[in-house]
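Below is one structure; the comments refer to it alone.
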Amino acid sequence: MGKRKDYIGWDEYFMGVAILSAHRSKDPSTQVGACIVNNDKKIVGVGYNGFPKGCDDDVLPWAREGDFLETKYPFVCHAELNAILNSISRDLTGGSIYIALFPCNECAKAIIQSGIKEIIYLSDKYAETDIVKASKMMLNQAGVKYRQLIPKHNQIVLNLIVEA
């Protein structure tokens with residue numbers, strides 16, 4: 001008997017961790033997760049979009065539109081920033097970050113400053129916005145590579161019930 005042929009590759013594995021992390025987000029409209037991996041292919045940080053520690057997600061707003069202070073935007077931490085802040089290593093130099101959505105300009109700054117050298121993403125649906133254009137300008141200047149992951153599998157099913 002030979003080894004299994006239908007196992008997932010590293011990129012799909014780490015992207016799967018990022019997507020699983022996104023399921024922790026309480027944001028009703030957008031759930032994003034991030035997974036940071038070092039050069040040894042070890043996960044050193046995960047995060048998802050949500051409010052900062054100690055801020056009540058039942059009190060702060062989740063709205064996308066309205067007066068600025070009545071929306072989520074001044075309060076929410078993006079998945080990338082949370083993954084960097086939650087990392088088990090202070091040295092992320094040369095690592096990679098897996099995220100479902102191309103990072104905004106603020107997250108691009110944090111990625112660059114952390115020393116991460118590669119971004120692997122699924123969607124670039126905001127590519128034509130100034131925020132993403134600024135992000136790409138900074139990433140290009142800083143030498144951070146980015147590439148879109150085209151998965152070999154459309155889905156990975158997790159079964160949380162283990163049969164004895």
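A note on labels: chains of the structure tokens are A, B, ... as shown, every chain counts residues from 1, and ligands are counted from 1 in their shown order.
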| said: Could you pull out the strand (DSSP E or B) residues of region 30-162 of chain A, going by DSSP on the backbone, and write them as a PyMOL selection string? | reply: chain A and resi 33-37+43-48+50+77+96-101+118-123+145-148
Could you give me, as JSON lines, a per-residue list for region 19-115 of chain A showing, wherever an atom lies at most 12 Å from an atom of region 146-156 of chain A, the closest pair of atoms and their distance in Å to one decimal, using only C-alpha atoms and sorting by chain then residue number from low to high?
```
{"residue": "A:Ile19", "atom": "CA", "partner": "A:Ile156", "partner_atom": "CA", "distance": 10.3}
{"residue": "A:Leu20", "atom": "CA", "partner": "A:Ile156", "partner_atom": "CA", "distance": 10.3}
{"residue": "A:Ser96", "atom": "CA", "partner": "A:Tyr146", "partner_atom": "CA", "distance": 9.4}
{"residue": "A:Ile97", "atom": "CA", "partner": "A:Tyr146", "partner_atom": "CA", "distance": 9.5}
{"residue": "A:Tyr98", "atom": "CA", "partner": "A:Leu149", "partner_atom": "CA", "distance": 9.2}
{"residue": "A:Ile99", "atom": "CA", "partner": "A:Leu149", "partner_atom": "CA", "distance": 9.7}
{"residue": "A:Ala100", "atom": "CA", "partner": "A:Leu149", "partner_atom": "CA", "distance": 9.2}
{"residue": "A:Leu101", "atom": "CA", "partner": "A:Gln148", "partner_atom": "CA", "distance": 9.7}
{"residue": "A:Phe102", "atom": "CA", "partner": "A:Gln148", "partner_atom": "CA", "distance": 8.8}
{"residue": "A:Pro103", "atom": "CA", "partner": "A:Tyr146", "partner_atom": "CA", "distance": 10.2}
{"residue": "A:Ala108", "atom": "CA", "partner": "A:Tyr146", "partner_atom": "CA", "distance": 11.0}
{"residue": "A:Ile111", "atom": "CA", "partner": "A:Tyr146", "partner_atom": "CA", "distance": 11.5}
{"residue": "A:Ile112", "atom": "CA", "partner": "A:Tyr146", "partner_atom": "CA", "distance": 12.0}
```
Go ahead and write the selection's residues with C-alpha atoms as a CSV table (one decimal), in the first residue's frame.
```csv
chain,number,residue,atom,x,y,z
A,19,ILE,CA,-10.0,30.4,7.2
A,20,LEU,CA,-10.7,28.3,10.3
A,96,SER,CA,4.8,34.2,5.3
A,97,ILE,CA,1.3,35.3,6.1
A,98,TYR,CA,-1.8,33.5,4.7
A,99,ILE,CA,-5.0,35.5,4.4
A,100,ALA,CA,-8.2,35.2,2.5
A,101,LEU,CA,-8.4,38.9,1.6
A,102,PHE,CA,-5.5,41.1,0.2
A,103,PRO,CA,-4.3,43.3,3.1
A,108,ALA,CA,0.6,46.2,4.9
A,111,ILE,CA,3.4,43.2,7.7
A,112,ILE,CA,6.4,45.2,6.4
```
| field | Members of region 36-128 of chain A assigned helix (DSSP H, G or I) by DSSP, as a list in words | value |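 Of region 36-128 of chain A, only Phe68, Leu69, Glu70, Ala79, Glu80, Leu81, Asn82, Ala83, Ile84, Leu85, Asn105, Glu106, Cys107, Ala108, Lys109, Ala110, Ile111, Ile112, Gln113 and Ser114 of chain A fall in helix (DSSP H, G or I).
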Next, dump the selected residues to file, keeping only all heavy atoms, as a short mmCIF file (atom, residue, chain, number, x, y, z; two decimals), in the first residue's frame.
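Saved as part_0.cif:
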```cif
data_model
loop_
_atom_site.label_atom_id
_atom_site.label_comp_id
_atom_site.auth_asym_id
_atom_site.auth_seq_id
_atom_site.Cartn_x
_atom_site.Cartn_y
_atom_site.Cartn_z
N PHE A 68 -19.05 57.84 11.53
CA PHE A 68 -17.82 57.09 11.78
C PHE A 68 -17.82 56.34 13.11
O PHE A 68 -17.53 55.14 13.17
CB PHE A 68 -16.61 58.03 11.69
CG PHE A 68 -15.28 57.35 11.77
CD1 PHE A 68 -14.89 56.43 10.80
CD2 PHE A 68 -14.41 57.63 12.82
CE1 PHE A 68 -13.65 55.80 10.87
CE2 PHE A 68 -13.17 57.01 12.89
CZ PHE A 68 -12.79 56.09 11.92
N LEU A 69 -18.17 57.03 14.19
CA LEU A 69 -18.13 56.40 15.51
C LEU A 69 -19.29 55.42 15.74
O LEU A 69 -19.32 54.75 16.78
CB LEU A 69 -18.10 57.46 16.61
CG LEU A 69 -16.81 58.27 16.68
CD1 LEU A 69 -16.91 59.35 17.75
CD2 LEU A 69 -15.61 57.38 16.93
N GLU A 70 -20.18 55.34 14.79
CA GLU A 70 -21.28 54.39 14.87
C GLU A 70 -21.04 53.18 13.98
O GLU A 70 -21.92 52.34 13.78
CB GLU A 70 -22.60 55.07 14.52
CG GLU A 70 -23.00 56.13 15.55
CD GLU A 70 -24.23 56.91 15.15
OE1 GLU A 70 -24.86 56.58 14.13
OE2 GLU A 70 -24.56 57.88 15.86
N ALA A 79 -7.37 40.94 10.90
CA ALA A 79 -6.78 39.63 11.17
C ALA A 79 -5.26 39.65 11.11
O ALA A 79 -4.58 39.04 11.94
CB ALA A 79 -7.33 38.60 10.19
N GLU A 80 -4.71 40.36 10.13
CA GLU A 80 -3.26 40.40 9.96
C GLU A 80 -2.58 41.01 11.19
O GLU A 80 -1.58 40.49 11.70
CB GLU A 80 -2.88 41.22 8.72
CG GLU A 80 -3.47 40.70 7.43
CD GLU A 80 -4.81 41.34 7.07
OE1 GLU A 80 -5.62 41.63 7.96
OE2 GLU A 80 -5.04 41.53 5.86
N LEU A 81 -3.12 42.14 11.65
CA LEU A 81 -2.55 42.81 12.83
C LEU A 81 -2.68 41.91 14.06
O LEU A 81 -1.72 41.78 14.83
CB LEU A 81 -3.23 44.15 13.07
CG LEU A 81 -2.71 44.96 14.26
CD1 LEU A 81 -1.22 45.26 14.11
CD2 LEU A 81 -3.50 46.24 14.43
N ASN A 82 -3.83 41.28 14.23
CA ASN A 82 -4.00 40.38 15.37
C ASN A 82 -3.02 39.21 15.30
O ASN A 82 -2.46 38.81 16.32
CB ASN A 82 -5.44 39.87 15.46
CG ASN A 82 -6.30 40.78 16.29
OD1 ASN A 82 -5.83 41.42 17.23
ND2 ASN A 82 -7.58 40.84 15.97
N ALA A 83 -2.80 38.66 14.12
CA ALA A 83 -1.85 37.54 13.99
C ALA A 83 -0.44 37.99 14.37
O ALA A 83 0.30 37.26 15.04
CB ALA A 83 -1.88 36.98 12.57
N ILE A 84 -0.06 39.19 13.95
CA ILE A 84 1.26 39.72 14.30
C ILE A 84 1.36 39.95 15.80
O ILE A 84 2.32 39.53 16.45
CB ILE A 84 1.56 41.02 13.50
CG1 ILE A 84 1.75 40.69 12.01
CG2 ILE A 84 2.78 41.74 14.07
CD1 ILE A 84 1.73 41.89 11.09
N LEU A 85 0.35 40.59 16.38
CA LEU A 85 0.37 40.89 17.82
C LEU A 85 0.27 39.63 18.67
O LEU A 85 0.80 39.58 19.78
CB LEU A 85 -0.76 41.86 18.17
CG LEU A 85 -0.64 43.26 17.56
CD1 LEU A 85 -1.90 44.06 17.84
CD2 LEU A 85 0.59 43.97 18.08
N ASN A 105 -3.91 48.96 3.48
CA ASN A 105 -2.67 49.72 3.66
C ASN A 105 -2.17 49.70 5.10
O ASN A 105 -0.96 49.63 5.34
CB ASN A 105 -2.84 51.16 3.17
CG ASN A 105 -3.91 51.91 3.95
OD1 ASN A 105 -5.02 51.43 4.14
ND2 ASN A 105 -3.58 53.11 4.39
N GLU A 106 -3.07 49.73 6.08
CA GLU A 106 -2.65 49.71 7.48
C GLU A 106 -2.01 48.36 7.83
O GLU A 106 -1.00 48.31 8.52
CB GLU A 106 -3.82 50.01 8.41
CG GLU A 106 -4.34 51.44 8.29
CD GLU A 106 -3.29 52.49 8.65
OE1 GLU A 106 -2.51 52.26 9.59
OE2 GLU A 106 -3.25 53.54 7.98
N CYS A 107 -2.61 47.28 7.37
CA CYS A 107 -2.04 45.95 7.63
C CYS A 107 -0.75 45.75 6.85
O CYS A 107 0.18 45.10 7.35
CB CYS A 107 -3.06 44.86 7.30
SG CYS A 107 -4.43 44.83 8.48
N ALA A 108 -0.67 46.33 5.65
CA ALA A 108 0.58 46.24 4.88
C ALA A 108 1.73 46.87 5.66
O ALA A 108 2.84 46.32 5.69
CB ALA A 108 0.42 46.93 3.53
N LYS A 109 1.47 47.99 6.34
CA LYS A 109 2.51 48.62 7.15
C LYS A 109 2.98 47.67 8.25
O LYS A 109 4.18 47.53 8.49
CB LYS A 109 1.99 49.91 7.79
CG LYS A 109 1.69 51.02 6.83
CD LYS A 109 1.11 52.20 7.62
CE LYS A 109 0.23 53.08 6.79
NZ LYS A 109 -0.39 54.15 7.60
N ALA A 110 2.04 47.04 8.93
CA ALA A 110 2.39 46.12 10.02
C ALA A 110 3.14 44.90 9.49
O ALA A 110 4.10 44.43 10.11
CB ALA A 110 1.13 45.69 10.78
N ILE A 111 2.73 44.40 8.34
CA ILE A 111 3.39 43.25 7.72
C ILE A 111 4.84 43.62 7.39
O ILE A 111 5.78 42.88 7.70
CB ILE A 111 2.62 42.77 6.47
CG1 ILE A 111 1.30 42.11 6.90
CG2 ILE A 111 3.46 41.84 5.61
CD1 ILE A 111 0.31 41.87 5.77
N ILE A 112 5.02 44.77 6.77
CA ILE A 112 6.36 45.22 6.41
C ILE A 112 7.23 45.39 7.66
O ILE A 112 8.36 44.89 7.72
CB ILE A 112 6.29 46.54 5.60
CG1 ILE A 112 5.66 46.28 4.23
CG2 ILE A 112 7.68 47.16 5.45
CD1 ILE A 112 5.20 47.55 3.50
N GLN A 113 6.70 46.08 8.65
CA GLN A 113 7.47 46.36 9.87
C GLN A 113 7.83 45.08 10.63
O GLN A 113 8.86 45.01 11.28
CB GLN A 113 6.70 47.29 10.80
CG GLN A 113 6.63 48.73 10.31
CD GLN A 113 7.98 49.39 10.23
OE1 GLN A 113 8.62 49.42 9.19
NE2 GLN A 113 8.44 49.92 11.34
N SER A 114 6.98 44.05 10.51
CA SER A 114 7.23 42.79 11.23
C SER A 114 8.32 41.95 10.58
O SER A 114 8.84 41.03 11.20
CB SER A 114 5.95 41.97 11.32
OG SER A 114 5.64 41.40 10.07
#
```
| query | A:Ile36, A:Met137, A:Ser21, A:Cys104: which is nearest Ile88 (chain A), counting only C-alpha atoms? | reply | A:Ile36
